[in-house]
Amino acid sequence: MKHPYLSEDHEIFRKSFRKFLEKEAVPNYERWEEERIIPRSFWVKMGEQGFLCPDLGEDYGGSGVDWGFTVIINEELERVGSGFIGFGLHSDITVPYISAYGNESQKQRWLPKCTTGEIITAIAMTEPGTGSDLANIKTTAILDGDHYILNGQKTFITNGIHSDLVIVACKTDPSAAPKHKGVSLVVVERDTPGFSRGRKLKKLGLHSQDTAELIFEDCRVPKENLLGEEGKGFTYLMEKLQQERLVVAICAQTASEDMLADTIEYVKGREAFGKSVSQFQNTQFKIAEMATEIKMGRAFLDQLIAKHMAGEQVVTEVSMAKWRLTETARKISIECMQLHGGYGFMEEYKIARRYRDVPVASIYAGTNEIMKKIIAKNLGLY
């Protein structure tokens, strides 16, 4: 399907990026899955080719291109494997906090190296006892002279092992009422005293994407590393969630499209009872159902991307897309594995990896239950 927000220049870029991935990523991806991490050398290669943070202005090392190029990067990475979600988190989720809320000194200090892959970013919101309820985080940052003293733990942090720069959601005013008024964002650099990494977490899926625990024990963060204003952190997080959830929806949709394409190819070549599996009516009906649902999902997603690129606020629709497209991807993974038969359970078949990787998308960036609450509230049901 031709995306309505993409031009010929975008498609030329897609071919170039796909060629890059076929050379640099595809031959190595299985090994990275086994090693449970994507090497920093690949980040540097992405940066050298201009594939990190391309929508940043040229003054900060980016190309200053529209967000359509970012959509292509997320789609093409997802087609190789879901383990690349850390790149989307870096370019489209974490770095935009710095470009939107950072002062000029912070931007000049950090952003150029974010585009080269020298700096890998992460954002630390989730805590061992707090998931989607960000107003009740326990990590504190108390001002002491020229430094914040940061104490707390974060978990499930994407890019946690590689990260050189971590945006930490914390309480600068633990007694604030309402509670969300005490939330601020501080930026912690790799070698900051008191900052350490816990375990690299073992996950059911997304094996090559590094996920870690982060620990802050009397961590002294210079007060000039405050991002934006004190007490505005919760507002900043809410403002940026539209793009974060849209990225999740894009990846889920792409995964569904890729699973269906792989499955169609498989059932055409696989024989049973003297004919190809694709000739059985059950197979045809299942494929037809999935193809229809995926096509409808793409139509909805594309118009949301176009609206987002135009600067429109589509929080309700993005919440709909995030929950529905991630649920669809999970359902597609089950149906496609079934159509692969026993081979679908074998590691050498991509569908087995998809079956492991897809379900977590319904949890991160706000659970799908939270998405339904947002939709209900915005429909006037509260």
# chains A, B, ... in the order shown; residues from 1 in each chain; ligands from 1
call {"tool": "residues_around", "arguments": {"residues": "region 180-183 of chain A", "least_positions_apart": "4", "cutoff": "12 Å", "atoms": "only C-alpha atoms", "output": "ChimeraX atom specification"}}
result
/A:125,133-142,168-176,226-238
call {"tool": "select_by_dssp", "arguments": {"residues": "region 106-152 of chain A", "states": "helix (DSSP H, G or I)", "output": "ChimeraX atom specification"}}
result
/A:106-116,134-136
call {"tool": "write_last_selection", "arguments": {"atoms": "N, CA, C and O atoms", "output": "PDB file, in the first residue's frame"}}
result
ATOM      1  N   GLN A 106      22.126  22.489  26.755  1.00  0.00           N
ATOM      2  CA  GLN A 106      21.904  21.032  26.798  1.00  0.00           C
ATOM      3  C   GLN A 106      21.824  20.456  25.398  1.00  0.00           C
ATOM      4  O   GLN A 106      22.389  19.391  25.120  1.00  0.00           O
ATOM      5  N   LYS A 107      21.131  21.137  24.511  1.00  0.00           N
ATOM      6  CA  LYS A 107      20.989  20.649  23.141  1.00  0.00           C
ATOM      7  C   LYS A 107      22.345  20.555  22.453  1.00  0.00           C
ATOM      8  O   LYS A 107      22.668  19.537  21.810  1.00  0.00           O
ATOM      9  N   GLN A 108      23.150  21.599  22.565  1.00  0.00           N
ATOM     10  CA  GLN A 108      24.454  21.604  21.910  1.00  0.00           C
ATOM     11  C   GLN A 108      25.379  20.558  22.524  1.00  0.00           C
ATOM     12  O   GLN A 108      26.222  19.968  21.834  1.00  0.00           O
ATOM     13  N   ARG A 109      25.198  20.295  23.778  1.00  0.00           N
ATOM     14  CA  ARG A 109      26.058  19.357  24.503  1.00  0.00           C
ATOM     15  C   ARG A 109      25.760  17.906  24.156  1.00  0.00           C
ATOM     16  O   ARG A 109      26.671  17.081  24.021  1.00  0.00           O
ATOM     17  N   TRP A 110      24.478  17.583  23.977  1.00  0.00           N
ATOM     18  CA  TRP A 110      24.092  16.175  23.843  1.00  0.00           C
ATOM     19  C   TRP A 110      23.605  15.755  22.452  1.00  0.00           C
ATOM     20  O   TRP A 110      23.934  14.664  21.983  1.00  0.00           O
ATOM     21  N   LEU A 111      22.830  16.598  21.810  1.00  0.00           N
ATOM     22  CA  LEU A 111      22.138  16.156  20.598  1.00  0.00           C
ATOM     23  C   LEU A 111      23.060  15.730  19.451  1.00  0.00           C
ATOM     24  O   LEU A 111      22.792  14.705  18.800  1.00  0.00           O
ATOM     25  N   PRO A 112      24.139  16.478  19.142  1.00  0.00           N
ATOM     26  CA  PRO A 112      24.976  16.040  18.019  1.00  0.00           C
ATOM     27  C   PRO A 112      25.506  14.613  18.172  1.00  0.00           C
ATOM     28  O   PRO A 112      25.558  13.856  17.189  1.00  0.00           O
ATOM     29  N   LYS A 113      25.874  14.225  19.385  1.00  0.00           N
ATOM     30  CA  LYS A 113      26.383  12.866  19.593  1.00  0.00           C
ATOM     31  C   LYS A 113      25.260  11.822  19.587  1.00  0.00           C
ATOM     32  O   LYS A 113      25.514  10.638  19.364  1.00  0.00           O
ATOM     33  N   CYS A 114      24.024  12.277  19.826  1.00  0.00           N
ATOM     34  CA  CYS A 114      22.882  11.355  19.697  1.00  0.00           C
ATOM     35  C   CYS A 114      22.674  10.955  18.238  1.00  0.00           C
ATOM     36  O   CYS A 114      22.196   9.858  17.948  1.00  0.00           O
ATOM     37  N   THR A 115      23.005  11.837  17.315  1.00  0.00           N
ATOM     38  CA  THR A 115      22.816  11.536  15.891  1.00  0.00           C
ATOM     39  C   THR A 115      23.919  10.648  15.334  1.00  0.00           C
ATOM     40  O   THR A 115      23.731   9.999  14.314  1.00  0.00           O
ATOM     41  N   THR A 116      25.076  10.621  15.992  1.00  0.00           N
ATOM     42  CA  THR A 116      26.204   9.816  15.501  1.00  0.00           C
ATOM     43  C   THR A 116      26.257   8.428  16.125  1.00  0.00           C
ATOM     44  O   THR A 116      27.006   7.572  15.660  1.00  0.00           O
ATOM     45  N   LEU A 134       2.504   6.914  36.965  1.00  0.00           N
ATOM     46  CA  LEU A 134       3.711   7.732  37.080  1.00  0.00           C
ATOM     47  C   LEU A 134       3.628   8.769  38.194  1.00  0.00           C
ATOM     48  O   LEU A 134       4.659   9.229  38.695  1.00  0.00           O
ATOM     49  N   ALA A 135       2.434   9.155  38.594  1.00  0.00           N
ATOM     50  CA  ALA A 135       2.308  10.145  39.670  1.00  0.00           C
ATOM     51  C   ALA A 135       2.800   9.591  40.999  1.00  0.00           C
ATOM     52  O   ALA A 135       3.136  10.358  41.911  1.00  0.00           O
ATOM     53  N   ASN A 136       2.868   8.266  41.112  1.00  0.00           N
ATOM     54  CA  ASN A 136       3.249   7.645  42.379  1.00  0.00           C
ATOM     55  C   ASN A 136       4.651   7.049  42.363  1.00  0.00           C
ATOM     56  O   ASN A 136       4.961   6.170  43.167  1.00  0.00           O
TER      57      ASN A 136
END
call {"tool": "residues_around", "arguments": {"residues": "Gln284 (chain A)", "least_positions_apart": "5", "cutoff": "12 Å", "atoms": "only C-alpha atoms", "output": "list of chain:residue names"}}
result
A:Thr263, A:Ile264, A:Val267, A:Lys268, A:Ser276, A:Val277, A:Ser278, A:Gln279, A:Glu289, A:Met290, A:Ala291, A:Leu339
call {"tool": "write_last_selection", "arguments": {"atoms": "N, CA and C atoms", "output": "tab-separated table (two decimals), in the first residue's frame"}}
result
chain	number	residue	atom	x	y	z
A	263	THR	N	3.75	-16.01	6.12
A	263	THR	CA	2.84	-17.15	6.21
A	263	THR	C	2.25	-17.50	4.84
A	264	ILE	N	1.89	-16.50	4.06
A	264	ILE	CA	1.39	-16.77	2.71
A	264	ILE	C	2.44	-17.51	1.88
A	267	VAL	N	2.61	-21.26	3.30
A	267	VAL	CA	1.50	-22.17	2.99
A	267	VAL	C	1.44	-22.51	1.51
A	268	LYS	N	1.96	-21.62	0.66
A	268	LYS	CA	2.00	-21.93	-0.77
A	268	LYS	C	3.02	-23.02	-1.08
A	276	SER	N	-0.93	-28.17	-1.79
A	276	SER	CA	-0.35	-27.14	-0.93
A	276	SER	C	-1.35	-26.75	0.16
A	277	VAL	N	-0.81	-26.38	1.31
A	277	VAL	CA	-1.65	-25.98	2.43
A	277	VAL	C	-2.53	-24.78	2.06
A	278	SER	N	-2.06	-23.97	1.14
A	278	SER	CA	-2.83	-22.79	0.73
A	278	SER	C	-4.12	-23.15	0.01
A	279	GLN	N	-4.25	-24.39	-0.45
A	279	GLN	CA	-5.45	-24.79	-1.18
A	279	GLN	C	-6.58	-25.24	-0.27
A	289	GLU	N	-9.19	-13.43	6.38
A	289	GLU	CA	-9.57	-12.67	7.57
A	289	GLU	C	-8.42	-11.79	8.06
A	290	MET	N	-7.22	-12.38	8.12
A	290	MET	CA	-6.07	-11.61	8.60
A	290	MET	C	-5.73	-10.47	7.64
A	291	ALA	N	-5.75	-10.75	6.35
A	291	ALA	CA	-5.42	-9.73	5.36
A	291	ALA	C	-6.38	-8.55	5.45
A	339	LEU	N	-0.71	-21.89	11.29
A	339	LEU	CA	-0.65	-22.24	9.87
A	339	LEU	C	0.73	-22.78	9.47
call {"tool": "atom_distance", "arguments": {"atom1": "CA of Val187 (chain A)", "atom2": "CA of Ala124 (chain A)"}}
result
9.9 Å
call {"tool": "closest_residue", "arguments": {"among": "A:Ser208, A:Lys179, A:His340, A:Pro193", "to": "His147 (chain A)", "atoms": "only C-alpha atoms"}}
result
A:Pro193
call {"tool": "closest_atom_pairs", "arguments": {"of": "region 245-319 of chain A", "to": "region 69-74 of chain A", "cutoff": "10 Å", "atoms": "only C-alpha atoms", "output": "JSON lines"}}
result
{"residue": "A:Leu246", "atom": "CA", "partner": "A:Val71", "partner_atom": "CA", "distance": 9.7}
{"residue": "A:Val247", "atom": "CA", "partner": "A:Asn74", "partner_atom": "CA", "distance": 7.5}
{"residue": "A:Val248", "atom": "CA", "partner": "A:Asn74", "partner_atom": "CA", "distance": 9.4}
{"residue": "A:Ile250", "atom": "CA", "partner": "A:Asn74", "partner_atom": "CA", "distance": 7.4}
{"residue": "A:Cys251", "atom": "CA", "partner": "A:Asn74", "partner_atom": "CA", "distance": 6.6}
{"residue": "A:Thr254", "atom": "CA", "partner": "A:Asn74", "partner_atom": "CA", "distance": 8.8}
{"residue": "A:Ile305", "atom": "CA", "partner": "A:Val71", "partner_atom": "CA", "distance": 8.5}
call {"tool": "write_last_selection", "arguments": {"atoms": "N, CA, C and O atoms", "output": "CSV table (one decimal), in the first residue's frame"}}
result
chain,number,residue,atom,x,y,z
A,246,LEU,N,2.3,6.1,19.1
A,246,LEU,CA,2.2,6.0,17.6
A,246,LEU,C,3.4,5.1,17.1
A,246,LEU,O,3.1,4.3,16.2
A,247,VAL,N,4.6,5.3,17.6
A,247,VAL,CA,5.7,4.4,17.2
A,247,VAL,C,5.4,2.9,17.5
A,247,VAL,O,5.7,2.1,16.7
A,248,VAL,N,4.8,2.7,18.7
A,248,VAL,CA,4.4,1.3,19.0
A,248,VAL,C,3.4,0.8,18.0
A,248,VAL,O,3.5,-0.4,17.6
A,250,ILE,N,3.0,1.7,14.9
A,250,ILE,CA,3.6,1.5,13.6
A,250,ILE,C,4.4,0.1,13.6
A,250,ILE,O,4.3,-0.6,12.6
A,251,CYS,N,5.1,-0.1,14.7
A,251,CYS,CA,5.8,-1.4,14.7
A,251,CYS,C,4.9,-2.6,14.8
A,251,CYS,O,5.2,-3.6,14.2
A,254,THR,N,3.5,-3.2,11.3
A,254,THR,CA,4.5,-3.7,10.4
A,254,THR,C,4.8,-5.2,10.7
A,254,THR,O,4.9,-6.0,9.8
A,305,ILE,N,-0.9,8.9,11.2
A,305,ILE,CA,0.5,9.4,11.0
A,305,ILE,C,0.5,10.8,10.3
A,305,ILE,O,1.2,11.7,10.6
call {"tool": "decode", "arguments": {"residues": "region 8-21 of chain A", "atoms": "all heavy atoms", "output": "PDB file, in the first residue's frame"}}
result
ATOM      1  N   GLU A   8       8.185  10.346  -3.454  1.00  0.00           N
ATOM      2  CA  GLU A   8       9.194   9.537  -4.147  1.00  0.00           C
ATOM      3  C   GLU A   8      10.525   9.575  -3.393  1.00  0.00           C
ATOM      4  O   GLU A   8      11.235   8.568  -3.328  1.00  0.00           O
ATOM      5  CB  GLU A   8       9.387  10.061  -5.573  1.00  0.00           C
ATOM      6  CG  GLU A   8      10.351   9.225  -6.405  1.00  0.00           C
ATOM      7  CD  GLU A   8      10.496   9.731  -7.833  1.00  0.00           C
ATOM      8  OE1 GLU A   8       9.737  10.649  -8.220  1.00  0.00           O
ATOM      9  OE2 GLU A   8      11.376   9.217  -8.552  1.00  0.00           O
ATOM     10  N   ASP A   9      10.858  10.728  -2.810  1.00  0.00           N
ATOM     11  CA  ASP A   9      12.100  10.827  -2.042  1.00  0.00           C
ATOM     12  C   ASP A   9      12.096   9.866  -0.860  1.00  0.00           C
ATOM     13  O   ASP A   9      13.132   9.267  -0.530  1.00  0.00           O
ATOM     14  CB  ASP A   9      12.297  12.259  -1.534  1.00  0.00           C
ATOM     15  CG  ASP A   9      12.694  13.225  -2.641  1.00  0.00           C
ATOM     16  OD1 ASP A   9      13.121  12.748  -3.720  1.00  0.00           O
ATOM     17  OD2 ASP A   9      12.569  14.448  -2.427  1.00  0.00           O
ATOM     18  N   HIS A  10      10.945   9.735  -0.217  1.00  0.00           N
ATOM     19  CA  HIS A  10      10.835   8.794   0.895  1.00  0.00           C
ATOM     20  C   HIS A  10      11.083   7.364   0.424  1.00  0.00           C
ATOM     21  O   HIS A  10      11.772   6.580   1.095  1.00  0.00           O
ATOM     22  CB  HIS A  10       9.450   8.881   1.538  1.00  0.00           C
ATOM     23  CG  HIS A  10       9.198  10.146   2.288  1.00  0.00           C
ATOM     24  ND1 HIS A  10       8.462  11.170   1.763  1.00  0.00           N
ATOM     25  CD2 HIS A  10       9.577  10.565   3.532  1.00  0.00           C
ATOM     26  CE1 HIS A  10       8.375  12.157   2.648  1.00  0.00           C
ATOM     27  NE2 HIS A  10       9.046  11.819   3.722  1.00  0.00           N
ATOM     28  N   GLU A  11      10.530   7.002  -0.715  1.00  0.00           N
ATOM     29  CA  GLU A  11      10.668   5.629  -1.201  1.00  0.00           C
ATOM     30  C   GLU A  11      12.100   5.330  -1.642  1.00  0.00           C
ATOM     31  O   GLU A  11      12.594   4.209  -1.485  1.00  0.00           O
ATOM     32  CB  GLU A  11       9.678   5.374  -2.339  1.00  0.00           C
ATOM     33  CG  GLU A  11       8.206   5.450  -1.917  1.00  0.00           C
ATOM     34  CD  GLU A  11       7.863   4.528  -0.748  1.00  0.00           C
ATOM     35  OE1 GLU A  11       8.561   3.507  -0.544  1.00  0.00           O
ATOM     36  OE2 GLU A  11       6.888   4.841  -0.024  1.00  0.00           O
ATOM     37  N   ILE A  12      12.773   6.341  -2.191  1.00  0.00           N
ATOM     38  CA  ILE A  12      14.200   6.176  -2.531  1.00  0.00           C
ATOM     39  C   ILE A  12      14.992   5.935  -1.249  1.00  0.00           C
ATOM     40  O   ILE A  12      15.886   5.074  -1.195  1.00  0.00           O
ATOM     41  CB  ILE A  12      14.724   7.423  -3.275  1.00  0.00           C
ATOM     42  CG1 ILE A  12      14.075   7.518  -4.658  1.00  0.00           C
ATOM     43  CG2 ILE A  12      16.251   7.389  -3.393  1.00  0.00           C
ATOM     44  CD1 ILE A  12      14.366   8.816  -5.387  1.00  0.00           C
ATOM     45  N   PHE A  13      14.650   6.682  -0.209  1.00  0.00           N
ATOM     46  CA  PHE A  13      15.297   6.503   1.091  1.00  0.00           C
ATOM     47  C   PHE A  13      15.028   5.099   1.644  1.00  0.00           C
ATOM     48  O   PHE A  13      15.928   4.456   2.188  1.00  0.00           O
ATOM     49  CB  PHE A  13      14.784   7.556   2.065  1.00  0.00           C
ATOM     50  CG  PHE A  13      15.292   7.388   3.474  1.00  0.00           C
ATOM     51  CD1 PHE A  13      16.548   7.836   3.827  1.00  0.00           C
ATOM     52  CD2 PHE A  13      14.497   6.789   4.447  1.00  0.00           C
ATOM     53  CE1 PHE A  13      17.021   7.684   5.126  1.00  0.00           C
ATOM     54  CE2 PHE A  13      14.957   6.637   5.739  1.00  0.00           C
ATOM     55  CZ  PHE A  13      16.222   7.089   6.086  1.00  0.00           C
ATOM     56  N   ARG A  14      13.797   4.610   1.477  1.00  0.00           N
ATOM     57  CA  ARG A  14      13.459   3.276   1.982  1.00  0.00           C
ATOM     58  C   ARG A  14      14.335   2.215   1.327  1.00  0.00           C
ATOM     59  O   ARG A  14      14.860   1.311   1.988  1.00  0.00           O
ATOM     60  CB  ARG A  14      11.981   2.958   1.723  1.00  0.00           C
ATOM     61  CG  ARG A  14      11.548   1.623   2.350  1.00  0.00           C
ATOM     62  CD  ARG A  14      10.167   1.189   1.889  1.00  0.00           C
ATOM     63  NE  ARG A  14       9.112   2.099   2.286  1.00  0.00           N
ATOM     64  CZ  ARG A  14       8.523   2.081   3.492  1.00  0.00           C
ATOM     65  NH1 ARG A  14       8.904   1.206   4.392  1.00  0.00           N
ATOM     66  NH2 ARG A  14       7.549   2.936   3.751  1.00  0.00           N
ATOM     67  N   LYS A  15      14.501   2.319   0.007  1.00  0.00           N
ATOM     68  CA  LYS A  15      15.337   1.350  -0.702  1.00  0.00           C
ATOM     69  C   LYS A  15      16.776   1.390  -0.208  1.00  0.00           C
ATOM     70  O   LYS A  15      17.417   0.353  -0.027  1.00  0.00           O
ATOM     71  CB  LYS A  15      15.279   1.622  -2.203  1.00  0.00           C
ATOM     72  CG  LYS A  15      13.930   1.305  -2.838  1.00  0.00           C
ATOM     73  CD  LYS A  15      13.916   1.655  -4.322  1.00  0.00           C
ATOM     74  CE  LYS A  15      12.547   1.379  -4.931  1.00  0.00           C
ATOM     75  NZ  LYS A  15      12.502   1.780  -6.368  1.00  0.00           N
ATOM     76  N   SER A  16      17.274   2.595   0.029  1.00  0.00           N
ATOM     77  CA  SER A  16      18.637   2.744   0.521  1.00  0.00           C
ATOM     78  C   SER A  16      18.788   2.155   1.921  1.00  0.00           C
ATOM     79  O   SER A  16      19.761   1.429   2.207  1.00  0.00           O
ATOM     80  CB  SER A  16      19.021   4.232   0.534  1.00  0.00           C
ATOM     81  OG  SER A  16      20.271   4.429   1.140  1.00  0.00           O
ATOM     82  N   PHE A  17      17.828   2.437   2.792  1.00  0.00           N
ATOM     83  CA  PHE A  17      17.903   1.929   4.165  1.00  0.00           C
ATOM     84  C   PHE A  17      17.737   0.414   4.193  1.00  0.00           C
ATOM     85  O   PHE A  17      18.435  -0.276   4.947  1.00  0.00           O
ATOM     86  CB  PHE A  17      16.840   2.604   5.021  1.00  0.00           C
ATOM     87  CG  PHE A  17      16.920   2.244   6.481  1.00  0.00           C
ATOM     88  CD1 PHE A  17      18.117   2.321   7.167  1.00  0.00           C
ATOM     89  CD2 PHE A  17      15.790   1.820   7.172  1.00  0.00           C
ATOM     90  CE1 PHE A  17      18.204   1.991   8.514  1.00  0.00           C
ATOM     91  CE2 PHE A  17      15.858   1.492   8.512  1.00  0.00           C
ATOM     92  CZ  PHE A  17      17.065   1.573   9.183  1.00  0.00           C
ATOM     93  N   ARG A  18      16.839  -0.106   3.367  1.00  0.00           N
ATOM     94  CA  ARG A  18      16.648  -1.561   3.318  1.00  0.00           C
ATOM     95  C   ARG A  18      17.923  -2.256   2.844  1.00  0.00           C
ATOM     96  O   ARG A  18      18.312  -3.309   3.374  1.00  0.00           O
ATOM     97  CB  ARG A  18      15.473  -1.901   2.397  1.00  0.00           C
ATOM     98  CG  ARG A  18      15.097  -3.378   2.409  1.00  0.00           C
ATOM     99  CD  ARG A  18      13.848  -3.630   1.596  1.00  0.00           C
ATOM    100  NE  ARG A  18      12.655  -3.055   2.210  1.00  0.00           N
ATOM    101  CZ  ARG A  18      11.437  -3.170   1.707  1.00  0.00           C
ATOM    102  NH1 ARG A  18      11.249  -3.816   0.567  1.00  0.00           N
ATOM    103  NH2 ARG A  18      10.403  -2.626   2.324  1.00  0.00           N
ATOM    104  N   LYS A  19      18.596  -1.652   1.883  1.00  0.00           N
ATOM    105  CA  LYS A  19      19.865  -2.205   1.392  1.00  0.00           C
ATOM    106  C   LYS A  19      20.912  -2.201   2.500  1.00  0.00           C
ATOM    107  O   LYS A  19      21.670  -3.168   2.671  1.00  0.00           O
ATOM    108  CB  LYS A  19      20.352  -1.391   0.194  1.00  0.00           C
ATOM    109  CG  LYS A  19      21.602  -1.945  -0.470  1.00  0.00           C
ATOM    110  CD  LYS A  19      21.972  -1.125  -1.710  1.00  0.00           C
ATOM    111  CE  LYS A  19      23.230  -1.683  -2.383  1.00  0.00           C
ATOM    112  NZ  LYS A  19      23.598  -0.875  -3.581  1.00  0.00           N
ATOM    113  N   PHE A  20      20.953  -1.127   3.268  1.00  0.00           N
ATOM    114  CA  PHE A  20      21.865  -1.041   4.410  1.00  0.00           C
ATOM    115  C   PHE A  20      21.589  -2.161   5.414  1.00  0.00           C
ATOM    116  O   PHE A  20      22.512  -2.833   5.896  1.00  0.00           O
ATOM    117  CB  PHE A  20      21.719   0.329   5.078  1.00  0.00           C
ATOM    118  CG  PHE A  20      22.361   0.433   6.436  1.00  0.00           C
ATOM    119  CD1 PHE A  20      23.714   0.688   6.564  1.00  0.00           C
ATOM    120  CD2 PHE A  20      21.593   0.294   7.595  1.00  0.00           C
ATOM    121  CE1 PHE A  20      24.307   0.787   7.820  1.00  0.00           C
ATOM    122  CE2 PHE A  20      22.182   0.394   8.855  1.00  0.00           C
ATOM    123  CZ  PHE A  20      23.540   0.640   8.969  1.00  0.00           C
ATOM    124  N   LEU A  21      20.312  -2.375   5.740  1.00  0.00           N
ATOM    125  CA  LEU A  21      19.961  -3.411   6.712  1.00  0.00           C
ATOM    126  C   LEU A  21      20.275  -4.810   6.188  1.00  0.00           C
ATOM    127  O   LEU A  21      20.705  -5.685   6.953  1.00  0.00           O
ATOM    128  CB  LEU A  21      18.477  -3.303   7.068  1.00  0.00           C
ATOM    129  CG  LEU A  21      18.053  -2.063   7.863  1.00  0.00           C
ATOM    130  CD1 LEU A  21      16.556  -2.064   8.101  1.00  0.00           C
ATOM    131  CD2 LEU A  21      18.793  -1.968   9.188  1.00  0.00           C
TER     132      LEU A  21
END
